[in-house]
$ cat final_33.pdb   # PDB, C-alpha atoms
ATOM      1  CA  MET L   2     -63.584 -25.835  76.117
ATOM      2  CA  ARG L   3     -61.579 -27.089  73.173
ATOM      3  CA  ILE L   4     -62.705 -26.803  69.544
ATOM      4  CA  HIS L   5     -60.763 -28.570  66.801
ATOM      5  CA  PHE L   6     -61.730 -28.081  63.176
ATOM      6  CA  SER L   7     -60.046 -29.607  60.143
ATOM      7  CA  ALA L   8     -60.905 -29.839  56.454
ATOM      8  CA  ASP L   9     -59.341 -29.981  52.995
ATOM      9  CA  ASP L  10     -59.738 -27.347  50.260
ATOM     10  CA  VAL L  11     -61.178 -24.772  52.658
ATOM     11  CA  LYS L  12     -62.589 -21.550  51.239
ATOM     12  CA  LEU L  13     -63.723 -18.803  53.586
ATOM     13  CA  ASP L  14     -66.074 -15.874  53.166
ATOM     14  CA  VAL L  15     -66.501 -12.884  55.417
ATOM     15  CA  ALA L  16     -69.946 -12.011  56.707
ATOM     16  CA  LYS L  17     -71.358  -9.499  59.126
ATOM     17  CA  ALA L  18     -71.983 -11.123  62.492
ATOM     18  CA  ALA L  19     -74.353 -10.043  65.239
ATOM     19  CA  GLY L  20     -73.215  -6.702  66.562
ATOM     20  CA  GLY L  21     -72.099  -5.562  63.122
ATOM     21  CA  GLN L  22     -68.600  -7.023  63.242
ATOM     22  CA  PHE L  23     -67.155  -9.041  60.399
ATOM     23  CA  ALA L  24     -66.465 -12.734  60.967
ATOM     24  CA  PRO L  25     -65.170 -15.586  58.795
ATOM     25  CA  THR L  26     -67.674 -18.152  57.558
ATOM     26  CA  LEU L  27     -67.051 -21.388  55.744
ATOM     27  CA  ALA L  28     -67.870 -21.096  52.019
ATOM     28  CA  SER L  29     -66.752 -24.611  51.061
ATOM     29  CA  ALA L  30     -64.661 -27.522  52.311
ATOM     30  CA  LYS L  31     -64.032 -31.215  51.738
ATOM     31  CA  ASN L  32     -63.390 -34.036  54.192
ATOM     32  CA  GLY L  33     -64.239 -31.826  57.155
ATOM     33  CA  SER L  34     -64.374 -32.836  60.787
ATOM     34  CA  VAL L  35     -65.124 -31.018  64.009
ATOM     35  CA  LEU L  36     -64.345 -31.957  67.596
ATOM     36  CA  ILE L  37     -65.714 -30.016  70.564
ATOM     37  CA  GLU L  38     -64.641 -31.020  74.068
ATOM     38  CA  LEU L  39     -65.867 -29.671  77.366
ATOM     39  CA  ALA L  40     -64.262 -30.894  80.584
ATOM     40  CA  LYS L  41     -66.683 -32.132  83.228
ATOM     41  CA  ALA L  42     -65.160 -29.587  85.650
ATOM     42  CA  GLU L  43     -65.946 -26.737  83.201
ATOM     43  CA  LEU L  44     -69.539 -27.923  82.841
ATOM     44  CA  GLN L  45     -69.898 -28.320  86.607
ATOM     45  CA  GLY L  46     -68.515 -24.790  87.090
ATOM     46  CA  PHE L  47     -71.106 -23.390  84.682
ATOM     47  CA  LEU L  48     -73.922 -25.244  86.470
ATOM     48  CA  MET L  49     -72.561 -24.162  89.858
ATOM     49  CA  ALA L  50     -72.741 -20.505  88.834
ATOM     50  CA  PHE L  51     -76.436 -20.997  88.089
ATOM     51  CA  ALA L  52     -76.952 -22.902  91.374
ATOM     52  CA  GLN L  53     -75.123 -20.242  93.421
ATOM     53  CA  ALA L  54     -77.252 -17.468  91.923
ATOM     54  CA  ALA L  55     -80.452 -19.403  92.667
ATOM     55  CA  ALA L  56     -79.266 -20.185  96.229
ATOM     56  CA  ALA L  57     -78.305 -16.569  96.903
ATOM     57  CA  GLU L  58     -81.850 -15.460  96.004
ATOM     58  CA  GLN L  59     -83.066 -17.693  98.832
ATOM     59  CA  GLY L  60     -80.372 -16.615 101.291
ATOM     60  CA  ALA L  61     -78.595 -19.972 101.059
ATOM     61  CA  LYS L  62     -74.973 -20.859 100.369
ATOM     62  CA  ILE L  63     -73.756 -23.798  98.249
ATOM     63  CA  GLU L  64     -71.350 -26.059 100.135
ATOM     64  CA  SER L  65     -70.645 -28.674  97.487
ATOM     65  CA  ALA L  66     -71.881 -30.133  94.221
ATOM     66  CA  GLU L  67     -71.344 -33.337  92.319
ATOM     67  CA  LEU L  68     -72.098 -33.715  88.614
ATOM     68  CA  THR L  69     -72.812 -37.106  87.071
ATOM     69  CA  LEU L  70     -73.107 -37.521  83.285
ATOM     70  CA  ARG L  71     -74.653 -40.462  81.419
ATOM     71  CA  GLN L  72     -75.048 -41.290  77.762
ATOM     72  CA  ALA L  73     -78.767 -40.843  76.927
ATOM     73  CA  ALA L  74     -78.552 -41.478  73.139
ATOM     74  CA  ASP L  75     -76.020 -41.075  70.303
ATOM     75  CA  ARG L  76     -76.594 -37.326  70.379
ATOM     76  CA  ALA L  77     -77.717 -36.822  73.974
ATOM     77  CA  VAL L  78     -76.298 -36.582  77.479
ATOM     78  CA  ALA L  79     -78.258 -36.903  80.717
ATOM     79  CA  ALA L  80     -76.946 -35.082  83.773
ATOM     80  CA  THR L  81     -77.572 -35.148  87.511
ATOM     81  CA  LEU L  82     -76.281 -32.346  89.709
ATOM     82  CA  ARG L  83     -76.451 -33.055  93.450
ATOM     83  CA  VAL L  84     -76.044 -29.855  95.441
ATOM     84  CA  LYS L  85     -75.563 -29.507  99.194
ATOM     85  CA  ALA L  86     -76.367 -26.103 100.626
ATOM     86  CA  LYS L  87     -77.133 -24.369 103.928
ATOM     87  CA  LYS L  88     -79.608 -21.685 104.786
ATOM     88  CA  ALA L  89     -78.684 -20.254 108.172
ATOM     89  CA  PHE L  90     -77.575 -23.484 109.867
ATOM     90  CA  VAL L  91     -80.115 -25.749 108.191
ATOM     91  CA  PRO L  92     -78.665 -28.126 105.572
ATOM     92  CA  ALA L  93     -80.496 -28.875 102.334
ATOM     93  CA  THR L  94     -79.686 -31.304  99.547
ATOM     94  CA  VAL L  95     -81.219 -30.853  96.107
ATOM     95  CA  THR L  96     -80.771 -33.035  93.042
ATOM     96  CA  VAL L  97     -81.350 -31.547  89.581
ATOM     97  CA  ASP L  98     -81.770 -33.830  86.563
ATOM     98  CA  GLY L  99     -81.860 -32.938  82.885
ATOM     99  CA  ARG L 100     -81.013 -33.958  79.371
ATOM    100  CA  ALA L 101     -79.212 -32.161  76.510
ATOM    101  CA  ASP L 102     -79.794 -33.234  72.887
ATOM    102  CA  VAL L 103     -77.590 -31.962  70.047
ATOM    103  CA  ASP L 104     -78.808 -31.627  66.442
ATOM    104  CA  ASP L 105     -76.850 -31.463  63.178
ATOM    105  CA  ARG L 106     -76.619 -27.642  63.415
ATOM    106  CA  LEU L 107     -74.902 -27.893  66.828
ATOM    107  CA  THR L 108     -77.967 -26.653  68.643
ATOM    108  CA  VAL L 109     -78.363 -28.038  72.164
ATOM    109  CA  THR L 110     -81.934 -28.471  73.442
ATOM    110  CA  LEU L 111     -82.601 -28.977  77.149
ATOM    111  CA  SER L 112     -85.384 -31.267  78.401
ATOM    112  CA  GLY L 113     -86.471 -33.351  81.369
ATOM    113  CA  LEU L 114     -85.405 -30.638  83.797
ATOM    114  CA  ARG L 115     -86.571 -31.408  87.321
ATOM    115  CA  ALA L 116     -85.491 -30.902  90.899
ATOM    116  CA  ALA L 117     -85.983 -33.091  93.968
ATOM    117  CA  GLY L 118     -85.037 -32.323  97.542
ATOM    118  CA  GLU L 119     -84.172 -34.339 100.609
ATOM    119  CA  GLY L 120     -86.027 -33.495 103.810
ATOM    120  CA  MET L 121     -88.388 -30.603 104.455
ATOM    121  CA  VAL L 122     -85.964 -27.787 103.565
ATOM    122  CA  GLY L 123     -84.560 -29.625 100.528
ATOM    123  CA  SER L 124     -88.074 -30.268  99.206
ATOM    124  CA  MET L 125     -88.995 -26.614  99.697
ATOM    125  CA  VAL L 126     -85.865 -25.449  97.847
ATOM    126  CA  ALA L 127     -86.502 -27.965  95.050
ATOM    127  CA  GLY L 128     -90.028 -26.610  94.649
ATOM    128  CA  LEU L 129     -88.705 -23.074  94.223
ATOM    129  CA  LEU L 130     -86.038 -24.295  91.811
ATOM    130  CA  GLU L 131     -88.621 -26.077  89.635
ATOM    131  CA  GLY L 132     -90.001 -22.671  88.641
ATOM    132  CA  LYS L 133     -86.565 -21.519  87.506
ATOM    133  CA  LEU L 134     -85.973 -24.746  85.578
ATOM    134  CA  LYS L 135     -89.264 -24.421  83.664
ATOM    135  CA  GLN L 136     -87.938 -21.383  81.797
ATOM    136  CA  PHE L 137     -85.137 -23.551  80.368
ATOM    137  CA  GLU L 138     -87.288 -26.588  79.461
ATOM    138  CA  GLY L 139     -87.196 -27.022  75.670
ATOM    139  CA  LYS L 140     -84.823 -24.065  75.299
ATOM    140  CA  ALA L 141     -82.273 -24.349  72.488
ATOM    141  CA  PHE L 142     -78.731 -22.939  72.573
ATOM    142  CA  ASP L 143     -76.474 -22.591  69.542
ATOM    143  CA  VAL L 144     -72.972 -23.894  70.346
ATOM    144  CA  ALA L 145     -71.567 -23.851  66.803
ATOM    145  CA  PRO L 146     -68.420 -21.796  66.299
ATOM    146  CA  PRO L 147     -69.242 -18.849  64.007
ATOM    147  CA  ALA L 148     -67.299 -20.328  61.074
ATOM    148  CA  LEU L 149     -69.498 -23.476  61.153
ATOM    149  CA  ARG L 150     -72.930 -21.865  61.497
ATOM    150  CA  ASN L 151     -73.813 -22.507  57.827
ATOM    151  CA  VAL L 152     -72.572 -26.106  57.742
ATOM    152  CA  ARG L 153     -74.765 -29.173  58.079
ATOM    153  CA  LEU L 154     -72.979 -31.911  59.956
ATOM    154  CA  ARG L 155     -73.259 -35.671  59.503
ATOM    155  CA  ASP L 156     -72.280 -38.640  61.648
ATOM    156  CA  LEU L 157     -72.710 -36.473  64.738
ATOM    157  CA  LYS L 158     -71.999 -38.243  68.022
ATOM    158  CA  VAL L 159     -71.869 -37.089  71.606
ATOM    159  CA  ASP L 160     -69.855 -38.941  74.255
ATOM    160  CA  ALA L 161     -70.775 -38.336  77.899
ATOM    161  CA  GLY L 162     -67.252 -39.024  79.208
ATOM    162  CA  ASP L 163     -64.826 -36.594  80.735
ATOM    163  CA  PRO L 164     -64.402 -34.526  78.699
ATOM    164  CA  VAL L 165     -67.821 -34.464  77.077
ATOM    165  CA  ARG L 166     -66.925 -34.936  73.433
ATOM    166  CA  LEU L 167     -68.895 -34.003  70.321
ATOM    167  CA  THR L 168     -67.602 -35.267  66.968
ATOM    168  CA  ALA L 169     -68.975 -34.858  63.465
ATOM    169  CA  ALA L 170     -68.013 -34.861  59.797
ATOM    170  CA  PHE L 171     -69.084 -32.420  57.105
ATOM    171  CA  GLU L 172     -68.636 -31.255  53.527
ATOM    172  CA  SER L 173     -69.734 -27.914  52.279
TER
END
$ encode --input "final_33.pdb" --output "structure tokens"
Amino acid sequence: MRIHFSADDVKLDVAKAAGGQFAPTLASAKNGSVLIELAKAELQGFLMAFAQAAAAEQGAKIESAELTLRQAADRAVAATLRVKAKKAFVPATVTVDGRADVDDRLTVTLSGLRAAGEGMVGSMVAGLLEGKLKQFEGKAFDVAPPALRNVRLRDLKVDAGDPVRLTAAFES
């Protein structure tokens, strides 16, 4: 992940962060911009870790995965993760779909999470996975760097390319 932050006339404060440690926060700035990039391979690796944990619970092993990203809106990305796995010697293919929307506080909200399987085993695995996905439906994750947590962004855009790119401007 790459985070690039620039602004003029920056003034910082120090505040206590979670865990009791001190961290810099932005007190004021002019002509600010932020760029956050996440390589598709990094995102796929994160999703694969989740998939491998879910597969291991079922005694299966992931053989391969392919992530496809699409632009869903100016501030949203839709994703499809196609996973091929084996349980014993029986192959299973499961496709997981979802959407991530980003707001002007750099909070990502997940929605439209669903799984579909190919064949009898794939369908069974997808059914089990649906239960795991439900706990993430509508869940919000804060991705703002600590220094930007008190800043309201404007002109926020998300690009579903490789890397996934989030750009925004701000003044404080």
$ resolve_selection --input "final_33.pdb" --expression "the PyMOL selection byres ((chain L and resi 128-137) around 8)" --output "mmCIF file with C-alpha atoms, in the coordinates of the input"
data_model
loop_
_atom_site.group_PDB
_atom_site.id
_atom_site.type_symbol
_atom_site.label_atom_id
_atom_site.label_comp_id
_atom_site.auth_asym_id
_atom_site.auth_seq_id
_atom_site.Cartn_x
_atom_site.Cartn_y
_atom_site.Cartn_z
ATOM 1 C CA ALA L 55 -80.452 -19.403 92.667
ATOM 2 C CA LEU L 111 -82.601 -28.977 77.149
ATOM 3 C CA SER L 112 -85.384 -31.267 78.401
ATOM 4 C CA LEU L 114 -85.405 -30.638 83.797
ATOM 5 C CA ARG L 115 -86.571 -31.408 87.321
ATOM 6 C CA ALA L 116 -85.491 -30.902 90.899
ATOM 7 C CA ALA L 117 -85.983 -33.091 93.968
ATOM 8 C CA SER L 124 -88.074 -30.268 99.206
ATOM 9 C CA MET L 125 -88.995 -26.614 99.697
ATOM 10 C CA VAL L 126 -85.865 -25.449 97.847
ATOM 11 C CA ALA L 127 -86.502 -27.965 95.050
ATOM 12 C CA GLU L 138 -87.288 -26.588 79.461
ATOM 13 C CA GLY L 139 -87.196 -27.022 75.670
ATOM 14 C CA LYS L 140 -84.823 -24.065 75.299
#
$ residues_around --input "final_33.pdb" --residues "Ser65 (chain L)" --least-positions-apart "6" --cutoff "10 Å" --atoms "all atoms listed in the file" --output "PyMOL selection string"
chain L and resi 49+83-86+94
$ closest_residue --input "final_33.pdb" --among "L:Ala16, L:Ala93, L:Pro146, L:Gly60" --to "Met121 (chain L)" --atoms "all atoms listed in the file"
L:Ala93
$ resolve_selection --input "final_33.pdb" --expression "the PyMOL selection byres ((chain L and resi 9) around 8)" --output "mmCIF file with C-alpha atoms, keeping the file's coordinate frame"
data_model
loop_
_atom_site.group_PDB
_atom_site.id
_atom_site.type_symbol
_atom_site.label_atom_id
_atom_site.label_comp_id
_atom_site.auth_asym_id
_atom_site.auth_seq_id
_atom_site.Cartn_x
_atom_site.Cartn_y
_atom_site.Cartn_z
ATOM 1 C CA SER L 7 -60.046 -29.607 60.143
ATOM 2 C CA ALA L 8 -60.905 -29.839 56.454
ATOM 3 C CA ASP L 10 -59.738 -27.347 50.260
ATOM 4 C CA VAL L 11 -61.178 -24.772 52.658
ATOM 5 C CA ALA L 30 -64.661 -27.522 52.311
ATOM 6 C CA LYS L 31 -64.032 -31.215 51.738
ATOM 7 C CA ASN L 32 -63.390 -34.036 54.192
ATOM 8 C CA GLY L 33 -64.239 -31.826 57.155
#
$ residues_around --input "final_33.pdb" --residues "Arg100 (chain L)" --least-positions-apart "5" --cutoff "9 Å" --atoms "all atoms listed in the file" --output "list in words"
Ala73, Ala77, Val78, Ala79, Ala80, Thr81, Thr110, Leu111, Ser112, Gly113 and Leu114 of chain L
$ resolve_selection --input "final_33.pdb" --expression "the PyMOL selection byres ((chain L and resi 167) around 10)" --output "number ranges by chain"
L: 4, 35-39, 76-77, 103, 107, 157-161, 164-166, 168-169
$ write_last_selection --input "final_33.pdb" --atoms "C-alpha atoms" --output "PDB file, in the coordinates of the input"
ATOM      1  CA  ILE L   4     -62.705 -26.803  69.544  1.00  0.00           C
ATOM      2  CA  VAL L  35     -65.124 -31.018  64.009  1.00  0.00           C
ATOM      3  CA  LEU L  36     -64.345 -31.957  67.596  1.00  0.00           C
ATOM      4  CA  ILE L  37     -65.714 -30.016  70.564  1.00  0.00           C
ATOM      5  CA  GLU L  38     -64.641 -31.020  74.068  1.00  0.00           C
ATOM      6  CA  LEU L  39     -65.867 -29.671  77.366  1.00  0.00           C
ATOM      7  CA  ARG L  76     -76.594 -37.326  70.379  1.00  0.00           C
ATOM      8  CA  ALA L  77     -77.717 -36.822  73.974  1.00  0.00           C
ATOM      9  CA  VAL L 103     -77.590 -31.962  70.047  1.00  0.00           C
ATOM     10  CA  LEU L 107     -74.902 -27.893  66.828  1.00  0.00           C
ATOM     11  CA  LEU L 157     -72.710 -36.473  64.738  1.00  0.00           C
ATOM     12  CA  LYS L 158     -71.999 -38.243  68.022  1.00  0.00           C
ATOM     13  CA  VAL L 159     -71.869 -37.089  71.606  1.00  0.00           C
ATOM     14  CA  ASP L 160     -69.855 -38.941  74.255  1.00  0.00           C
ATOM     15  CA  ALA L 161     -70.775 -38.336  77.899  1.00  0.00           C
ATOM     16  CA  PRO L 164     -64.402 -34.526  78.699  1.00  0.00           C
ATOM     17  CA  VAL L 165     -67.821 -34.464  77.077  1.00  0.00           C
ATOM     18  CA  ARG L 166     -66.925 -34.936  73.433  1.00  0.00           C
ATOM     19  CA  THR L 168     -67.602 -35.267  66.968  1.00  0.00           C
ATOM     20  CA  ALA L 169     -68.975 -34.858  63.465  1.00  0.00           C
TER      21      ALA L 169
END
$ closest_residue --input "final_33.pdb" --among "L:Thr69, L:Gln22, L:Ser29, L:Gln59" --to "Ala42 (chain L)" --atoms "only C-alpha atoms"
L:Thr69
$ closest_residue --input "final_33.pdb" --among "L:Met2, L:Ala18, L:Ala89, L:Leu70" --to "Gly162 (chain L)" --atoms "all atoms listed in the file"
L:Leu70
$ closest_residue --input "final_33.pdb" --among "L:Val109, L:Ala52, L:Ala170, L:Val122" --to "Val152 (chain L)" --atoms "all atoms listed in the file"
L:Ala170
$ atom_distance --input "final_33.pdb" --atom1 "CA of Asp98 (chain L)" --atom2 "CA of Gly118 (chain L)"
11.6 Å
$ atom_distance --input "final_33.pdb" --atom1 "CA of Ala24 (chain L)" --atom2 "CA of Phe6 (chain L)"
16.2 Å
$ atom_distance --input "final_33.pdb" --atom1 "CA of Ala141 (chain L)" --atom2 "CA of Ala28 (chain L)"
25.2 Å
$ closest_residue --input "final_33.pdb" --among "L:Val144, L:Lys88, L:Ala56, L:Leu68" --to "Glu43 (chain L)" --atoms "only C-alpha atoms"
L:Leu68
$ closest_residue --input "final_33.pdb" --among "L:Ser34, L:Phe47, L:Pro147, L:Val95" --to "Ala19 (chain L)" --atoms "all atoms listed in the file"
L:Pro147
